[in-house]
2 protein chains.
Amino acid sequence: MTKRGPTLEDVAREAGVSRATVSRVVNGVRNVDPGLQDVVRQAIETTGYSPNGAARSLVTRRAETVALLVSGAGDGFAARVFADPFFGRIVSGAVTYLRGRAMHPVLMFAESDEARSQVVDYLRRGSADGALVVSLQADDPLPQMLLHARVPVVLFARPPQPLPVSYVDIDHYQGGRLAAEHLLARGSRRLAAISAPQDLPAGRDRLAGFRDALDHAGRGPVPVVEGAFTLDSGAAAMIRILEEHPEVDGVFAANDLMAQGACQILREQGRRVPDDVAVVGFDDSSIAVTCRPPLTTVRQPVEKMAAAMAEALAGHLQGSASGQTRVVFDPELVVRESA
Amino acid sequence: MTKRGPTLEDVAREAGVSRATVSRVVNGVRNVDPGLQDVVRQAIETTGYSPNGAARSLVTRRAETVALLVSGAGDGFAARVFADPFFGRIVSGAVTYLRGRAMHPVLMFAESDEARSQVVDYLRRGSADGALVVSLQADDPLPQMLLHARVPVVLFARPPQPLPVSYVDIDHYQGGRLAAEHLLARGSRRLAAISAPQDLPAGRDRLAGFRDALDHAGRGPVPVVEGAFTLDSGAAAMIRILEEHPEVDGVFAANDLMAQGACQILREQGRRVPDDVAVVGFDDSSIAVTCRPPLTTVRQPVEKMAAAMAEALAGHLQGSASGQTRVVFDPELVVRESA
DNA sequence: GTGAAAGCGCTAACAG
DNA sequence: CTGTTAGCGCTTTCAC
């Protein structure tokens with residue numbers, strides 16, 4: 001690693017100009033004679049020069065990098081996170097936006113106290129200019145830690161506790177309503193819900209919207225089993241619902257992965273989807289398409305949301321945005337075969 | 001962003017010592033009086049000091065960061081990558097190893113020419129010290145670009161063209177044999193294969209091992225349909241196999257995702273797995289467990305392989321490893337229900 | 001329009 | 001064991 005590439009100095013010598021001029025050319029600052037520009041560019045070419053990021057960051061105080069943080073807990077966290085295609089969409093959306101602004105996204109996992117403090121450290125050191133964070137736990141301390149460390153941050157989803165922070169979200173309540181109304185409209189009468197964790201605002205809102213729509217239609221209270229966003233938890237919830245309410249003919253699962261688990265159980269128990277039991281999921285992740293049958297689901301425009309997060313962060317970084325930015329998107333029902 | 005945190009200088013003043021001493025304490029260099037150490041640590045505490053990464057990197061020429069590159073092509077690449085749990089395991093393994101060495105993994109996608117040059121740029125700038133790369137395309141130019149830029153790199157899997165580069169892989173040929181022998185041993189006689197892309201060494205080797213084992217057992221040539229590692233391609237291949245060889249009673253799919261696609265088709269066409277048609281997958285990803293029925297599959301110790309990659313890279317970085325490191329693991333058959 | 005010079009915050013010899 | 005002294009490679013006033 002004693003590979004010391006050429007520096008500005010080398011290029012300047014080669015081009016017969018000063019470091020300052022080379023710097024201006026490299027950074028596209030005008031006020032440089034077009035002729036000289038060519039000479040410099042030529043010199044850069046022949047020397048194979050590439051600017052040193054550390055030196056640059058040291059003076060500009062910018063790393064041109066933003067951290068994309070996924071926070072949660074447990075062993076094999078990265079593997080579990082990737083099990084839900086949801087995250088691929090977030091990353092995709094963020095990457096797409098950032099790429100155009102020449103910012104580098106770096107994905108990091110914060111699944112333990114150690115990992116969290118390493119992440120905060122990374123930001124405090126200035127290795128990244130800000131963070132986009134997706135938090136999977138209600139009691140996740142990461143957002144607070146980041147805020148406390150004065151790191152510019154934008155969250156995916158409104159945090160469980162009120163925090164002076166920017167975030168991007170969808171109207172989950174409305175999403176729950178959409179699911180209920182669709183099930184009702186197609187004729188399902190004995191409904192049940194596999195909810196998201198109720199310590200998450202999204203979980204509460206989706207369920208509240210679902211329930212309110214049902215109440216509004218005079219379709220009283222429904223059985224609810226709480227899931228954990230995983231395939232297994234969806235399957236387990238479905239089993240319990242079938243035991244306790246064998247007459248069920250419509251289920252709203254708070255994400256697609258749980259809906260898939262529910263479908264598997266239904267099929268195993270000989271119920272046809274949607275003929276015997278209709279199933280509505282949430283997210284419209286790739287699972288919705290590959291699931292058998294393909295899922296009717298409430299779509300979150302995740303890529304757009306991620307792009308909005310990146311945009312908000314970029315705004316904060318260049319100081320054009322003050323205070324908190326909060327963007328709430330509308331969900332949309334996507335009808336496929338499961339309901 | 002005019003937030004200029006406290007510097008070494010500030011801490012030194014607060015503690016009444018020189019910058020050098022504070023630096024020593026921060027970096028855990030001994031030769032510092034224990035008493036002074038406490039004073040310094042106290043000063044760090046009260047000032048809320050955190051070292052500046054750029055300044056440090058500038059002199060150490062190390063970013064304490066390694067890039068984890070996933071290279072391929074196409075729209076929504078990140079989303080597709082995440083659709084295969086395989087990557088979660090790679091990330092998991094690498095992260096686990098790196099964490100202990102206080103190195104930060106940064107995940108980046110290189111799915112277009114633009115993205116690739118940005119990635120190379122990132123490395124050339126010194127923002128990361130080296131790269132672990134997972135390449136999904138036979139003609140991927142990224143490894144070459146990295147090598148050319150003199151970036152320390154370790155690949156996941158042997159590259160299609162011989163390259164003077166370190167890599168970690170498994171014995172795919174042996175994996176194909178394991179699959180064939182298992183299918184034969186359980187009594188399947190009319191076999192077929194859904195292969196991986198044949199421009200990939202892994203794809204060729206898996207198929208060769210499968211075929212050779214069959215030949216060896218006197219079970220002649222088998223129909224082969226090439227897939228693309230995706231669920232859909234597995235399903236499509238299965239459909240074609242059923243059309244052309246309805247008598248098939250055993251299938252080897254070159255990864256779990258394609259095996260899952262095959263299982264879905266088989267079920268839809270009224271074939272029981274494994275009773276009518278046995279299916280063997282490859283990878284032992286989380287899909288193998290969640291698939292119905294759970295897949296018998298050839299396991300790649302992906303987490304260990306990723307850790308080995310990180311270890312090899314770390315070796316190169318500290319200069320203790322010279323030339324290329326090549327590690328080849330043995331695959332292992334995991335028997336579940338599908339065969 | 002261009003160059004000279006002053007750091008950015010840190011580590012690493014080198015003295016003492 | 002501790003302090004002094006040089007830079008690391010770059011951007012950025014400030015003169016010219």
# chains A, B, ... in the order shown; residues from 1 in each chain; ligands from 1
call {"tool": "closest_atom_pairs", "arguments": {"of": "chain B", "to": "chain C", "cutoff": "8 Å", "atoms": "only C-alpha atoms (C1' of nucleotides)", "output": "JSON lines"}}
result
{"residue": "B:Thr7", "atom": "CA", "partner": "C:DG9", "partner_atom": "C1'", "distance": 6.7}
{"residue": "B:Leu8", "atom": "CA", "partner": "C:DG9", "partner_atom": "C1'", "distance": 7.3}
{"residue": "B:Ser23", "atom": "CA", "partner": "C:DT11", "partner_atom": "C1'", "distance": 7.7}
{"residue": "B:Asn52", "atom": "CA", "partner": "C:DG9", "partner_atom": "C1'", "distance": 6.6}
{"residue": "B:Ala55", "atom": "CA", "partner": "C:DC10", "partner_atom": "C1'", "distance": 5.0}
{"residue": "B:Arg56", "atom": "CA", "partner": "C:DC10", "partner_atom": "C1'", "distance": 5.0}
{"residue": "B:Leu58", "atom": "CA", "partner": "C:DC10", "partner_atom": "C1'", "distance": 7.9}
{"residue": "B:Val59", "atom": "CA", "partner": "C:DT11", "partner_atom": "C1'", "distance": 6.2}
{"residue": "B:Thr60", "atom": "CA", "partner": "C:DT11", "partner_atom": "C1'", "distance": 7.1}
call {"tool": "residues_around", "arguments": {"residues": "DG3 (chain D)", "least_positions_apart": "2", "cutoff": "10 Å", "atoms": "only C-alpha atoms (C1' of nucleotides)", "output": "PyMOL selection string"}}
result
(chain B and resi 17-21) or (chain C and resi 15-16) or (chain D and resi 5)
call {"tool": "write_last_selection", "arguments": {"atoms": "all heavy atoms", "output": "short mmCIF file (atom, residue, chain, number, x, y, z; two decimals), in the first residue's frame"}}
result
data_model
loop_
_atom_site.label_atom_id
_atom_site.label_comp_id
_atom_site.auth_asym_id
_atom_site.auth_seq_id
_atom_site.Cartn_x
_atom_site.Cartn_y
_atom_site.Cartn_z
N VAL B 17 -1.91 19.19 27.68
CA VAL B 17 -0.82 18.39 27.11
C VAL B 17 -0.65 18.76 25.64
O VAL B 17 -1.31 19.68 25.15
CB VAL B 17 -1.12 16.88 27.21
CG1 VAL B 17 -1.27 16.46 28.67
CG2 VAL B 17 -2.37 16.54 26.43
N SER B 18 0.19 18.03 24.93
CA SER B 18 0.39 18.33 23.52
C SER B 18 -0.56 17.49 22.65
O SER B 18 -1.11 16.48 23.10
CB SER B 18 1.82 18.00 23.11
OG SER B 18 1.99 16.61 23.09
N ARG B 19 -0.73 17.93 21.43
CA ARG B 19 -1.58 17.19 20.50
C ARG B 19 -1.12 15.74 20.38
O ARG B 19 -1.92 14.81 20.34
CB ARG B 19 -1.52 17.82 19.10
CG ARG B 19 -2.09 19.19 19.02
CD ARG B 19 -2.57 19.49 17.59
NE ARG B 19 -1.59 19.20 16.56
CZ ARG B 19 -0.69 20.07 16.13
NH1 ARG B 19 -0.63 21.27 16.65
NH2 ARG B 19 0.15 19.73 15.18
N ALA B 20 0.18 15.58 20.31
CA ALA B 20 0.72 14.24 20.13
C ALA B 20 0.24 13.29 21.21
O ALA B 20 -0.13 12.14 20.94
CB ALA B 20 2.24 14.29 20.11
N THR B 21 0.24 13.76 22.42
CA THR B 21 -0.18 12.91 23.52
C THR B 21 -1.65 12.52 23.38
O THR B 21 -2.02 11.36 23.58
CB THR B 21 0.04 13.62 24.87
OG1 THR B 21 1.43 13.88 25.01
CG2 THR B 21 -0.41 12.74 26.01
P DA C 15 17.03 13.45 15.29
OP1 DA C 15 17.82 13.98 14.13
OP2 DA C 15 17.27 12.07 15.78
"O5'" DA C 15 17.24 14.45 16.50
"C5'" DA C 15 16.54 14.15 17.67
"C4'" DA C 15 15.98 15.40 18.27
"O4'" DA C 15 14.60 15.15 18.61
"C3'" DA C 15 16.68 15.77 19.58
"O3'" DA C 15 16.58 17.15 19.82
"C2'" DA C 15 15.91 14.95 20.61
"C1'" DA C 15 14.49 14.91 20.02
N9 DA C 15 13.84 13.60 20.18
C8 DA C 15 14.23 12.40 19.65
N7 DA C 15 13.45 11.40 20.00
C5 DA C 15 12.50 11.99 20.82
C6 DA C 15 11.39 11.47 21.51
N6 DA C 15 11.05 10.19 21.48
N1 DA C 15 10.66 12.33 22.24
C2 DA C 15 10.99 13.63 22.27
N3 DA C 15 12.00 14.25 21.66
C4 DA C 15 12.72 13.35 20.95
P DG C 16 17.65 17.76 20.90
OP1 DG C 16 17.56 19.24 20.72
OP2 DG C 16 18.95 17.07 20.74
"O5'" DG C 16 17.05 17.39 22.33
"C5'" DG C 16 16.09 18.28 22.91
"C4'" DG C 16 15.34 17.52 23.97
"O4'" DG C 16 14.94 16.22 23.50
"C3'" DG C 16 16.13 17.27 25.26
"O3'" DG C 16 15.54 18.02 26.31
"C2'" DG C 16 15.99 15.78 25.51
"C1'" DG C 16 14.77 15.43 24.66
N9 DG C 16 14.63 14.03 24.28
C8 DG C 16 15.46 13.29 23.47
N7 DG C 16 15.07 12.05 23.32
C5 DG C 16 13.91 11.97 24.09
C6 DG C 16 13.05 10.86 24.31
O6 DG C 16 13.14 9.71 23.87
N1 DG C 16 11.99 11.22 25.15
C2 DG C 16 11.79 12.47 25.69
N2 DG C 16 10.73 12.63 26.47
N3 DG C 16 12.58 13.51 25.49
C4 DG C 16 13.62 13.18 24.67
P DT D 5 9.19 23.55 17.57
OP1 DT D 5 10.42 24.37 17.42
OP2 DT D 5 7.87 24.19 17.72
"O5'" DT D 5 9.14 22.54 16.35
"C5'" DT D 5 10.24 21.64 16.15
"C4'" DT D 5 10.00 20.83 14.89
"O4'" DT D 5 9.05 19.76 15.13
"C3'" DT D 5 9.45 21.65 13.72
"O3'" DT D 5 10.18 21.29 12.56
"C2'" DT D 5 8.00 21.20 13.61
"C1'" DT D 5 8.10 19.74 14.07
N1 DT D 5 6.85 19.12 14.60
C2 DT D 5 6.62 17.78 14.37
O2 DT D 5 7.38 17.08 13.74
N3 DT D 5 5.46 17.31 14.91
C4 DT D 5 4.52 18.01 15.64
O4 DT D 5 3.53 17.46 16.08
C5 DT D 5 4.82 19.40 15.85
C7 DT D 5 3.88 20.25 16.61
C6 DT D 5 5.95 19.89 15.32
#
call {"tool": "select_by_dssp", "arguments": {"residues": "region 14-110 of chain A", "states": "strand (DSSP E)", "output": "PyMOL selection string"}}
result
chain A and resi 65-71+104-110
call {"tool": "residues_around", "arguments": {"residues": "Asp139 (chain A)", "least_positions_apart": "4", "cutoff": "12 Å", "atoms": "only C-alpha atoms (C1' of nucleotides)", "output": "list in words"}}
result
Ser71, Gly72, Ala73, Ser135, Pro143, Gln144, Pro159, Pro160, Gln161, Pro197, Asp199, Leu200 and Pro201 of chain A
call {"tool": "write_last_selection", "arguments": {"atoms": "all heavy atoms", "output": "PDB file, in the first residue's frame"}}
result
ATOM      1  N   SER A  71     -31.609  -0.226  10.505  1.00  0.00           N
ATOM      2  CA  SER A  71     -31.442  -0.464  11.920  1.00  0.00           C
ATOM      3  C   SER A  71     -32.480  -1.423  12.454  1.00  0.00           C
ATOM      4  O   SER A  71     -33.657  -1.326  12.135  1.00  0.00           O
ATOM      5  CB  SER A  71     -31.560   0.889  12.629  1.00  0.00           C
ATOM      6  OG  SER A  71     -31.411   0.730  13.997  1.00  0.00           O
ATOM      7  N   GLY A  72     -32.042  -2.345  13.254  1.00  0.00           N
ATOM      8  CA  GLY A  72     -32.948  -3.328  13.834  1.00  0.00           C
ATOM      9  C   GLY A  72     -32.155  -4.144  14.816  1.00  0.00           C
ATOM     10  O   GLY A  72     -31.240  -3.631  15.436  1.00  0.00           O
ATOM     11  N   ALA A  73     -32.484  -5.394  14.942  1.00  0.00           N
ATOM     12  CA  ALA A  73     -31.722  -6.188  15.897  1.00  0.00           C
ATOM     13  C   ALA A  73     -31.660  -7.643  15.507  1.00  0.00           C
ATOM     14  O   ALA A  73     -32.456  -8.121  14.697  1.00  0.00           O
ATOM     15  CB  ALA A  73     -32.341  -6.061  17.283  1.00  0.00           C
ATOM     16  N   SER A 135     -35.694   2.270  10.088  1.00  0.00           N
ATOM     17  CA  SER A 135     -35.651   1.670  11.409  1.00  0.00           C
ATOM     18  C   SER A 135     -36.744   0.617  11.518  1.00  0.00           C
ATOM     19  O   SER A 135     -37.879   0.844  11.125  1.00  0.00           O
ATOM     20  CB  SER A 135     -35.876   2.775  12.435  1.00  0.00           C
ATOM     21  OG  SER A 135     -35.738   2.267  13.710  1.00  0.00           O
ATOM     22  N   PRO A 143     -32.033   6.688  15.801  1.00  0.00           N
ATOM     23  CA  PRO A 143     -32.388   8.053  15.386  1.00  0.00           C
ATOM     24  C   PRO A 143     -31.997   9.094  16.437  1.00  0.00           C
ATOM     25  O   PRO A 143     -31.419  10.133  16.110  1.00  0.00           O
ATOM     26  CB  PRO A 143     -33.905   7.978  15.214  1.00  0.00           C
ATOM     27  CG  PRO A 143     -34.168   6.549  14.867  1.00  0.00           C
ATOM     28  CD  PRO A 143     -33.170   5.764  15.667  1.00  0.00           C
ATOM     29  N   GLN A 144     -32.267   8.772  17.671  1.00  0.00           N
ATOM     30  CA  GLN A 144     -31.895   9.685  18.758  1.00  0.00           C
ATOM     31  C   GLN A 144     -30.390   9.910  18.795  1.00  0.00           C
ATOM     32  O   GLN A 144     -29.913  11.035  18.953  1.00  0.00           O
ATOM     33  CB  GLN A 144     -32.306   9.073  20.113  1.00  0.00           C
ATOM     34  CG  GLN A 144     -33.788   8.979  20.319  1.00  0.00           C
ATOM     35  CD  GLN A 144     -34.329  10.172  21.101  1.00  0.00           C
ATOM     36  OE1 GLN A 144     -33.748  11.255  21.077  1.00  0.00           O
ATOM     37  NE2 GLN A 144     -35.456   9.953  21.775  1.00  0.00           N
ATOM     38  N   PRO A 159     -41.286   8.405  13.228  1.00  0.00           N
ATOM     39  CA  PRO A 159     -40.792   7.635  14.380  1.00  0.00           C
ATOM     40  C   PRO A 159     -41.889   7.455  15.427  1.00  0.00           C
ATOM     41  O   PRO A 159     -42.815   8.263  15.502  1.00  0.00           O
ATOM     42  CB  PRO A 159     -39.655   8.497  14.905  1.00  0.00           C
ATOM     43  CG  PRO A 159     -39.995   9.884  14.470  1.00  0.00           C
ATOM     44  CD  PRO A 159     -40.702   9.750  13.155  1.00  0.00           C
ATOM     45  N   PRO A 160     -41.790   6.398  16.217  1.00  0.00           N
ATOM     46  CA  PRO A 160     -42.794   6.098  17.235  1.00  0.00           C
ATOM     47  C   PRO A 160     -42.933   7.222  18.248  1.00  0.00           C
ATOM     48  O   PRO A 160     -44.034   7.577  18.639  1.00  0.00           O
ATOM     49  CB  PRO A 160     -42.255   4.836  17.897  1.00  0.00           C
ATOM     50  CG  PRO A 160     -41.330   4.227  16.906  1.00  0.00           C
ATOM     51  CD  PRO A 160     -40.745   5.373  16.148  1.00  0.00           C
ATOM     52  N   GLN A 161     -41.797   7.777  18.655  1.00  0.00           N
ATOM     53  CA  GLN A 161     -41.871   8.904  19.559  1.00  0.00           C
ATOM     54  C   GLN A 161     -41.653  10.167  18.738  1.00  0.00           C
ATOM     55  O   GLN A 161     -40.841  10.181  17.834  1.00  0.00           O
ATOM     56  CB  GLN A 161     -40.776   8.835  20.642  1.00  0.00           C
ATOM     57  CG  GLN A 161     -40.835   7.586  21.503  1.00  0.00           C
ATOM     58  CD  GLN A 161     -40.179   6.399  20.805  1.00  0.00           C
ATOM     59  OE1 GLN A 161     -39.379   6.597  19.885  1.00  0.00           O
ATOM     60  NE2 GLN A 161     -40.532   5.190  21.207  1.00  0.00           N
ATOM     61  N   PRO A 197     -46.598  -4.990  13.951  1.00  0.00           N
ATOM     62  CA  PRO A 197     -46.349  -4.722  15.368  1.00  0.00           C
ATOM     63  C   PRO A 197     -47.039  -3.423  15.782  1.00  0.00           C
ATOM     64  O   PRO A 197     -46.915  -2.405  15.100  1.00  0.00           O
ATOM     65  CB  PRO A 197     -44.830  -4.596  15.437  1.00  0.00           C
ATOM     66  CG  PRO A 197     -44.334  -5.448  14.309  1.00  0.00           C
ATOM     67  CD  PRO A 197     -45.365  -5.292  13.225  1.00  0.00           C
ATOM     68  N   ASP A 199     -46.473  -1.462  18.152  1.00  0.00           N
ATOM     69  CA  ASP A 199     -45.677  -0.386  18.753  1.00  0.00           C
ATOM     70  C   ASP A 199     -45.110   0.515  17.653  1.00  0.00           C
ATOM     71  O   ASP A 199     -44.451   1.498  17.920  1.00  0.00           O
ATOM     72  CB  ASP A 199     -44.558  -0.949  19.637  1.00  0.00           C
ATOM     73  CG  ASP A 199     -43.763  -2.041  18.941  1.00  0.00           C
ATOM     74  OD1 ASP A 199     -44.034  -2.316  17.755  1.00  0.00           O
ATOM     75  OD2 ASP A 199     -42.876  -2.612  19.590  1.00  0.00           O
ATOM     76  N   LEU A 200     -45.404   0.167  16.408  1.00  0.00           N
ATOM     77  CA  LEU A 200     -44.977   0.998  15.283  1.00  0.00           C
ATOM     78  C   LEU A 200     -46.177   1.826  14.821  1.00  0.00           C
ATOM     79  O   LEU A 200     -47.269   1.301  14.651  1.00  0.00           O
ATOM     80  CB  LEU A 200     -44.545   0.099  14.127  1.00  0.00           C
ATOM     81  CG  LEU A 200     -43.061  -0.022  13.769  1.00  0.00           C
ATOM     82  CD1 LEU A 200     -42.161   0.158  14.969  1.00  0.00           C
ATOM     83  CD2 LEU A 200     -42.797  -1.356  13.088  1.00  0.00           C
ATOM     84  N   PRO A 201     -45.961   3.112  14.581  1.00  0.00           N
ATOM     85  CA  PRO A 201     -47.059   3.954  14.109  1.00  0.00           C
ATOM     86  C   PRO A 201     -47.707   3.344  12.867  1.00  0.00           C
ATOM     87  O   PRO A 201     -48.928   3.311  12.742  1.00  0.00           O
ATOM     88  CB  PRO A 201     -46.370   5.268  13.769  1.00  0.00           C
ATOM     89  CG  PRO A 201     -45.143   5.291  14.603  1.00  0.00           C
ATOM     90  CD  PRO A 201     -44.713   3.867  14.750  1.00  0.00           C
TER      91      PRO A 201
END
call {"tool": "interface_residues", "arguments": {"of": "chain D", "to": "chain A", "cutoff": "12 Å", "atoms": "only C-alpha atoms (C1' of nucleotides)", "output": "ChimeraX atom specification"}}
result
/D:8-13
call {"tool": "atom_distance", "arguments": {"atom1": "CA of Thr325 (chain A)", "atom2": "CA of Tyr167 (chain A)"}}
result
6.5 Å
call {"tool": "interface_residues", "arguments": {"of": "chain B", "to": "chain A", "cutoff": "7 Å", "atoms": "only C-alpha atoms", "output": "list in words"}}
result
Met1, Ser50, Pro51, Asn52, Gly53, Ala54, Ala55, Ser57, Leu58, Gly76, Ala78, Ala79, Phe82, Ala83, Pro85, Gly88, Arg89, Val91, Ser92, Val106, Leu107, Met108, Arg124, Arg125, Gly126, Ser127 and Leu317 of chain B
call {"tool": "closest_residue", "arguments": {"among": "A:Asp276, A:Asp38, A:Glu181, A:Glu311", "to": "Leu333 (chain A)", "atoms": "only C-alpha atoms"}}
result
A:Glu181
call {"tool": "residues_around", "arguments": {"residues": "region 256-260 of chain B", "least_positions_apart": "2", "cutoff": "8 Å", "atoms": "only C-alpha atoms (C1' of nucleotides)", "output": "ChimeraX atom specification"}}
result
/B:84,194,227,229-235,252-254,262-264,279-285,287-288,291-292,295,297
